[in-house]
Amino acid sequence: MSEKENTTYGGQAVIEGVMFAGKKSFVTAIRRKDNSIEYFSTKRKESKVAKQLKKIPFIRGIVALVQASANGTKHLNFASEKYDVDPEEDNKVEEKEESKLAMVLGIGVIGVLSFLFGKTIFTLTPVFIAELFSPIVSGKVGQVLLEGLFKLILLLLYIYFLSLTPLIRRLFQYHGAEHKVINAYENGVPLTVEDVQKQSRLHYRCGSSFILFSVLVGIFVYMGVDINPLWWRIVNRLLLLPVVIGVSFEVLQLTNKVRDIPVLKVLGYPGLWLQLLTTKEPDDEQVEVAICSFEKVLETDQAKGGIQVEQVASS
């Protein structure tokens, strides 16, 4: 197989930009107030333990998501600090290496904790709402289905109301730009703004699909445990959270593998439907930023030297 066939690229939208993950680096490109494009790159480092764990089905999804949360937070922090600041006002005082290291480690920890906290709240809130309806729907099957329904409603409402804010709408446009670039690359289409814009803004490997699958998978997993008393229901939801995450990741991978099989590609449709909310059609300037980020990832994957932050003028 070629290097292209062996490499699976992914990314995420950040404020006024896109981050892509490559074999050797994570690269973010954002558009600054002066219309320039600035890059932020971090080397991809992984312990031997993590590499081994990512080879184990159901475990690898948990490891991958925790890593993505930690690494993504660093780049989100970079974008949020830089996007609305004039480059001439950037702080030019060099920080000590120890301070930089502490900041990076701190951001990574915060990213992981934020992910776990959000997942816990999203898992437990529907439990309490469903419990309120227990006088009407008391059976386990009905309660678990209600719990899944409320979780889905909560997810859709959360995304919808977020999308109404201008900042998040632009973030969703960059999310669409990220998908278009990945689709163009995987389809062998030239990475020009015109050609990339013709691609779909939806993609089978999207994290949005994973979130939806976690709701659906949770329904089946929770059918296997008791719901009474309430304290036990809360405990088993927390204990089974890694199971739901692990299985959902495998479902996501499966739907991506069968996306070209006519009969089976429909398995990924629910996730694609959710992406109609989490992505928006990007403009040409947003697509240009996404292309710049992805091309820098390809460049650093092939480079032997170090990786550093740099700024280039936009064309």
# chains A, B, ... in the order shown; residues from 1 in each chain; ligands from 1
call {"tool": "residues_around", "arguments": {"residues": "region 174-185 of chain A", "least_positions_apart": "2", "cutoff": "9 Å", "atoms": "only C-alpha atoms", "output": "number ranges by chain"}}
result
A: 9-20, 169-172, 187-191, 195-203, 206, 275, 278-283, 286-291, 294
call {"tool": "write_last_selection", "arguments": {"atoms": "C-alpha atoms", "output": "mmCIF file, in the first residue's frame"}}
result
data_model
loop_
_atom_site.group_PDB
_atom_site.id
_atom_site.type_symbol
_atom_site.label_atom_id
_atom_site.label_comp_id
_atom_site.auth_asym_id
_atom_site.auth_seq_id
_atom_site.Cartn_x
_atom_site.Cartn_y
_atom_site.Cartn_z
ATOM 1 C CA TYR A 9 -5.914 11.898 8.825
ATOM 2 C CA GLY A 10 -8.414 13.617 11.057
ATOM 3 C CA GLY A 11 -8.909 16.954 12.704
ATOM 4 C CA GLN A 12 -11.191 19.369 14.461
ATOM 5 C CA ALA A 13 -12.401 22.916 14.096
ATOM 6 C CA VAL A 14 -11.001 25.627 16.353
ATOM 7 C CA ILE A 15 -11.915 29.299 16.618
ATOM 8 C CA GLU A 16 -11.209 30.842 13.207
ATOM 9 C CA GLY A 17 -9.248 27.811 12.070
ATOM 10 C CA VAL A 18 -8.742 24.083 11.776
ATOM 11 C CA MET A 19 -6.452 21.591 13.505
ATOM 12 C CA PHE A 20 -5.309 18.450 11.676
ATOM 13 C CA ARG A 169 -21.791 28.994 13.724
ATOM 14 C CA ARG A 170 -18.392 29.995 12.341
ATOM 15 C CA LEU A 171 -16.838 27.125 14.268
ATOM 16 C CA PHE A 172 -19.281 24.750 12.579
ATOM 17 C CA ASN A 187 -10.955 11.087 -3.040
ATOM 18 C CA GLY A 188 -7.731 12.158 -4.760
ATOM 19 C CA VAL A 189 -9.067 15.627 -5.554
ATOM 20 C CA PRO A 190 -6.592 18.551 -5.888
ATOM 21 C CA LEU A 191 -6.410 20.653 -2.732
ATOM 22 C CA ASP A 195 -12.182 21.675 -5.900
ATOM 23 C CA VAL A 196 -12.426 21.274 -2.120
ATOM 24 C CA GLN A 197 -15.653 23.296 -2.022
ATOM 25 C CA LYS A 198 -17.285 20.667 -4.256
ATOM 26 C CA GLN A 199 -16.774 17.998 -1.594
ATOM 27 C CA SER A 200 -19.295 16.966 1.058
ATOM 28 C CA ARG A 201 -19.145 18.629 4.459
ATOM 29 C CA LEU A 202 -20.082 15.282 6.064
ATOM 30 C CA HIS A 203 -17.693 12.451 6.962
ATOM 31 C CA CYS A 206 -16.558 12.506 12.530
ATOM 32 C CA GLN A 275 -23.487 16.379 11.221
ATOM 33 C CA THR A 278 -22.626 20.271 13.696
ATOM 34 C CA THR A 279 -21.281 21.400 10.317
ATOM 35 C CA LYS A 280 -22.159 24.359 8.100
ATOM 36 C CA GLU A 281 -21.108 25.223 4.565
ATOM 37 C CA PRO A 282 -17.815 27.182 4.776
ATOM 38 C CA ASP A 283 -16.839 30.177 2.675
ATOM 39 C CA GLN A 286 -12.371 29.268 5.635
ATOM 40 C CA VAL A 287 -11.625 26.475 3.191
ATOM 41 C CA GLU A 288 -8.306 28.145 2.394
ATOM 42 C CA VAL A 289 -7.335 28.051 6.077
ATOM 43 C CA ALA A 290 -8.262 24.365 6.291
ATOM 44 C CA ILE A 291 -6.185 23.578 3.209
ATOM 45 C CA PHE A 294 -3.665 20.144 6.101
#
call {"tool": "residues_around", "arguments": {"residues": "Ile153 (chain A)", "least_positions_apart": "4", "cutoff": "12 Å", "atoms": "only C-alpha atoms", "output": "list of chain:residue names"}}
result
A:Phe122, A:Thr125, A:Pro126, A:Ile129, A:Leu146, A:Glu147, A:Gly148, A:Leu149, A:Leu157, A:Tyr158, A:Ile159, A:Tyr160, A:Leu212, A:Val215, A:Leu274
call {"tool": "atom_distance", "arguments": {"atom1": "CA of Glu194 (chain A)", "atom2": "CA of Asp284 (chain A)"}}
result
8.0 Å
call {"tool": "closest_residue", "arguments": {"among": "A:Gly72, A:Gly207, A:Pro166, A:Gly139", "to": "Gly271 (chain A)", "atoms": "only C-alpha atoms"}}
result
A:Gly207
call {"tool": "closest_residue", "arguments": {"among": "A:Ile37, A:Ile62, A:Leu156, A:Leu298", "to": "Leu276 (chain A)", "atoms": "only C-alpha atoms"}}
result
A:Leu156
call {"tool": "closest_residue", "arguments": {"among": "A:Arg237, A:Lys296, A:Arg205, A:Lys54", "to": "Val258 (chain A)", "atoms": "only C-alpha atoms"}}
result
A:Arg205
